[in-house]
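Chemist: File name my_file_36.txt; file contents compact mmCIF, C-alpha atoms; full text below.
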```
# COMPACT_ATOMS: atom_id res chain seq x y z
CA MET A 249 86.70 95.25 106.13
CA ARG A 250 86.20 96.68 102.63
CA PHE A 251 89.02 96.65 100.07
CA GLU A 252 88.58 99.17 97.27
CA LYS A 253 90.14 101.86 95.15
CA ALA A 254 90.58 105.24 96.78
CA VAL A 255 88.35 108.10 95.70
CA ILE A 256 88.87 111.86 95.80
CA GLU A 257 87.11 112.08 99.20
CA ASP A 258 89.96 109.95 100.62
CA THR A 259 92.68 112.55 99.97
CA GLY A 260 92.80 113.67 103.61
CA GLN A 261 93.20 110.16 104.97
CA LEU A 262 95.67 109.19 102.23
CA SER A 263 97.74 112.24 103.17
CA GLU A 264 97.69 111.23 106.85
CA LEU A 265 98.76 107.66 106.02
CA ARG A 266 101.54 108.96 103.77
CA LEU A 267 102.84 111.10 106.64
CA ALA A 268 102.65 108.18 109.06
CA TYR A 269 104.56 106.03 106.58
CA LEU A 270 107.25 108.69 106.05
CA ILE A 271 107.73 109.20 109.79
CA GLU A 272 107.92 105.46 110.45
CA ASP A 273 110.33 104.94 107.54
CA ASN A 274 112.57 107.98 108.12
CA GLY A 275 112.23 108.67 111.81
CA LYS A 276 111.55 112.23 112.95
CA LEU A 277 111.17 114.65 110.05
CA GLU A 278 112.46 118.21 110.03
CA GLU A 279 109.63 120.57 111.04
CA LYS A 280 109.96 122.64 107.82
CA ASP A 281 109.80 119.49 105.67
CA LEU A 282 106.83 118.19 107.65
CA ASP A 283 104.98 121.50 107.13
CA ILE A 284 105.61 121.45 103.36
CA ILE A 285 104.46 117.85 103.04
CA LYS A 286 101.34 118.41 105.20
CA HIS A 287 100.40 121.45 103.14
CA SER A 288 101.12 119.96 99.69
CA LEU A 289 99.99 116.33 99.89
CA PRO A 290 96.20 116.84 99.80
CA ASP A 291 96.48 118.98 96.65
CA TYR A 292 98.81 116.41 95.07
CA PHE A 293 96.21 113.69 95.59
CA VAL A 294 93.36 115.91 94.34
CA ARG A 295 95.29 116.59 91.12
CA ASN A 296 96.60 113.07 90.49
CA LEU A 297 94.42 110.42 92.16
CA ASN A 298 93.10 107.94 89.58
CA ASN A 299 95.03 109.77 86.88
CA THR A 300 98.71 108.99 87.43
CA ILE A 301 98.56 107.62 90.97
CA TYR A 302 96.10 104.97 92.07
CA GLY A 303 95.25 104.26 95.68
CA TYR A 304 94.08 100.96 97.13
CA VAL A 305 92.62 101.02 100.60
CA ALA A 306 91.36 98.76 103.35
CA ARG A 307 88.46 100.51 105.02
CA GLU A 308 86.77 99.79 108.33
CA GLU A 309 83.58 101.84 108.31
CA LYS A 310 84.89 105.24 107.07
CA GLU A 311 88.44 104.85 108.40
CA ILE A 312 91.22 103.80 106.02
CA VAL A 313 93.44 101.40 107.99
CA ALA A 314 95.81 100.33 105.20
CA CYS A 315 96.81 101.59 101.78
CA ALA A 316 99.05 100.99 98.79
CA LEU A 317 99.78 103.42 95.97
CA LEU A 318 100.67 102.73 92.33
CA LEU A 319 102.32 105.51 90.35
CA VAL A 320 101.97 104.85 86.61
CA THR A 321 104.28 106.61 84.20
CA GLU A 322 104.74 106.36 80.46
CA ARG A 323 108.26 106.25 79.09
CA PRO A 324 109.65 105.87 75.59
CA MET A 325 109.22 102.20 74.69
CA SER A 326 112.03 99.68 75.08
CA PRO A 327 112.28 95.89 74.97
CA ARG A 328 111.88 95.85 78.78
CA PHE A 329 108.61 97.83 78.69
CA ILE A 330 107.17 97.55 75.21
CA THR A 331 104.04 99.63 75.95
CA GLY A 332 106.15 102.26 77.70
CA LYS A 333 103.95 102.02 80.80
CA THR A 334 105.69 101.30 84.08
CA GLY A 335 104.50 101.35 87.65
CA THR A 336 106.10 102.16 90.96
CA VAL A 337 104.60 100.91 94.21
CA LEU A 338 104.68 103.50 96.97
CA ASN A 339 103.46 103.80 100.51
CA VAL A 340 102.33 100.29 101.35
CA TYR A 341 101.27 101.04 104.89
CA THR A 342 99.04 99.49 107.51
CA LYS A 343 98.23 101.16 110.81
CA PRO A 344 100.10 99.25 113.56
CA GLU A 345 97.00 97.86 115.27
CA TYR A 346 95.80 96.30 111.96
CA ARG A 347 99.06 94.62 110.89
CA HIS A 348 99.57 90.90 110.22
CA LYS A 349 96.02 90.35 109.02
CA GLY A 350 96.78 90.08 105.27
CA TYR A 351 95.56 93.56 104.35
CA ALA A 352 98.74 94.58 102.50
CA ARG A 353 98.66 91.31 100.51
CA LYS A 354 95.04 91.90 99.47
CA LEU A 355 95.78 95.51 98.45
CA MET A 356 98.88 94.47 96.49
CA LYS A 357 96.90 91.81 94.61
CA MET A 358 94.32 94.46 93.65
CA LEU A 359 97.09 96.86 92.61
CA LEU A 360 98.81 94.25 90.43
CA ALA A 361 95.53 93.17 88.81
CA ASP A 362 94.84 96.81 87.88
CA ALA A 363 98.40 97.19 86.57
CA LEU A 364 97.72 94.27 84.21
CA ASP A 365 94.41 95.84 83.14
CA MET A 366 96.24 99.12 82.39
CA ASN A 367 98.86 97.29 80.27
CA VAL A 368 101.67 98.22 82.64
CA ASP A 369 104.69 96.17 81.57
CA MET A 370 106.73 96.39 84.75
CA VAL A 371 106.02 97.28 88.36
CA GLU A 372 108.92 98.12 90.64
CA LEU A 373 109.29 98.88 94.32
CA LYS A 374 111.81 99.27 97.08
CA ALA A 375 111.13 96.76 99.84
CA THR A 376 111.83 97.12 103.53
CA ASP A 377 113.04 94.01 105.34
CA ALA A 378 109.54 93.62 106.78
CA GLY A 379 107.85 93.81 103.37
CA TYR A 380 110.38 91.76 101.40
CA PRO A 381 108.79 88.31 102.02
CA LEU A 382 105.37 89.60 100.96
CA TYR A 383 106.65 91.01 97.67
CA LYS A 384 108.67 87.86 96.92
CA SER A 385 105.55 85.76 97.49
CA LEU A 386 103.67 87.95 94.99
CA GLY A 387 106.26 87.32 92.28
CA PHE A 388 108.58 90.31 92.64
CA LYS A 389 112.23 89.49 91.92
CA ASP A 390 115.42 91.15 93.08
CA ALA A 391 116.53 93.54 90.35
CA LYS A 392 119.89 92.87 88.79
CA SER A 393 121.36 95.34 86.40
CA ARG A 394 124.56 96.17 84.61
CA TYR A 395 123.75 99.79 85.39
CA HIS A 396 124.54 101.72 88.56
CA GLN A 397 121.51 103.22 90.25
CA MET A 398 122.30 106.89 90.77
CA LYS A 399 120.34 109.94 91.92
CA TRP A 400 120.71 113.69 91.63
CA TYR A 401 118.91 115.91 94.13
CA GLY A 402 119.35 119.35 92.62
CA GLY A 403 122.25 120.40 94.84
CA GLY A 404 124.92 119.11 92.48
CA LEU A 405 127.44 121.31 90.78
CA LEU A 406 126.66 122.12 87.14
CA THR A 407 129.56 123.26 84.98
```
Mind converting the file's structure to structure tokens?
Modeler:
Amino acid sequence: MRFEKAVIEDTGQLSELRLAYLIEDNGKLEEKDLDIIKHSLPDYFVRNLNNTIYGYVAREEKEIVACALLLVTERPMSPRFITGKTGTVLNVYTKPEYRHKGYARKLMKMLLADALDMNVDMVELKATDAGYPLYKSLGFKDAKSRYHQMKWYGGGLLT
């Protein structure tokens, strides 16, 4: 098993693993949403891989069997992220037949080492129940905030 950073030639497999992750996480996807994602993901990775999103893969021969993504963004500086660089972990996914072999742990260690090298001040993620023990063991802490986490999806009423 080889553990390495993803390269542009991996965009097809990264797209497939992203779809597998989304289906496993969300259940059945609407056909129209699935078509949009299938069509758009490869181009997204071509434009952004190793620029704003970094992929870490476990590879058996030419097949990627596990992956983890790190999205790096730059924000206006604050005391919480003095360089302004923050990271978001996305799509930590291992194909079912390769699970429980430590691949996600190895990929996350690579991802976090690169985040340090890139001067990323903070890395955040949303953990599933299955992934929670892994992330805790790697030093992630439950976020506590005096702020309410809120989202707007574009369908809200503007007045």
Chemist: Taking (102.0, 110.8, 82.6) in the file's own coordinates, collect the residues within 10 Å, counting all atoms listed in the file, and hand them back as an NGL selection string.
Modeler: :A and (296 or 299-301 or 319-323 or 333)
Chemist: Select, from A:Ile256, A:Phe329, A:Glu272, A:Leu317, the residue with the minimum atom-to-atom distance to Asp291 in chain A, counting all atoms listed in the file.
Modeler: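 That would be A:Ile256, the residue with the smallest distance to Asp291 in chain A.
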Chemist: Could the residues of range 280-373 of chain A that have an atom at most 9 Å from range 386-405 of chain A be listed as CSV, each with its closest atom pair and the distance in Å to one decimal, counting all atoms listed in the file and ordered by chain and ascending residue number?
Modeler:
```
residue,atom,partner,partner_atom,distance
A:Arg353,CA,A:Leu386,CA,8.2
A:Met356,CA,A:Leu386,CA,8.2
A:Lys357,CA,A:Leu386,CA,7.8
A:Val371,CA,A:Phe388,CA,8.6
A:Glu372,CA,A:Phe388,CA,8.1
A:Leu373,CA,A:Phe388,CA,8.8
```
Chemist: Point out the residue among A:Glu345, A:Glu309, A:Asp283, A:Asp273 with the least atom-to-atom distance to Phe251 in chain A, counting all atoms listed in the file.
Modeler: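 Closest candidate: A:Glu309.
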Chemist: Point out the residue among A:Thr336, A:Ser288, A:Thr331, A:Asn274 with the least atom-to-atom distance to Ala316 in chain A, counting all atoms listed in the file.
Modeler: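 When distances to Ala316 in chain A are compared using all atoms listed in the file, the smallest one comes from A:Thr336.
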Chemist: For a quick check of understanding, using all atoms listed in the file, which of A:Ala378, A:Leu355, A:Met325, A:Leu364 has the smallest distance to Ala254 in chain A?
Modeler: A:Leu355
Chemist: From the list A:Gly332, A:Glu278, A:Ser263, A:Lys354, which residue is nearest Met249 in chain A when using all atoms listed in the file?
Modeler: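 Using all atoms listed in the file, Met249 in chain A sits closest to A:Lys354.
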Chemist: Using only C-alpha atoms for the distances, tell me which of A:Tyr383, A:Lys310, A:Gly350, A:Ile285 is nearest to Ile271 in chain A.
Modeler: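 Among the listed residues, the smallest separation from Ile271 in chain A belongs to A:Ile285.
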Chemist: Quick one: pull the distance between CA of Ser385 in chain A and CA of Tyr302 in chain A, Å, one decimal.
Modeler: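 Interatomic distance, CA of Ser385 in chain A to CA of Tyr302 in chain A: 22.1 Å.
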Chemist: In Å, how far is it from CA of Gly275 in chain A to CA of Leu359 in chain A?
Modeler: 27.2 Å
Chemist: Find the distance between CA of Asn367 in chain A and CA of Asp258 in chain A and write it in Å to one decimal.
Modeler: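 Between these atoms lies a distance of 25.6 Å.
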Chemist: Specify the axis-aligned box that encloses all atoms of range 365-368 of chain A listed in the file after padding of 8 Å on each side, stating its centre and edge lengths in Å to one decimal as JSON.
Modeler:
```
{"center_x": 98.0, "center_y": 97.5, "center_z": 81.7, "size_x": 23.3, "size_y": 19.3, "size_z": 18.9}
```
Chemist: Please work out which residues fall within 8 Å of (101.1, 98.6, 104.2), coordinates as given in the file, with all atoms listed in the file counting, and return them as a PyMOL selection string.
Modeler: chain A and resi 314-316+339-343+351-352
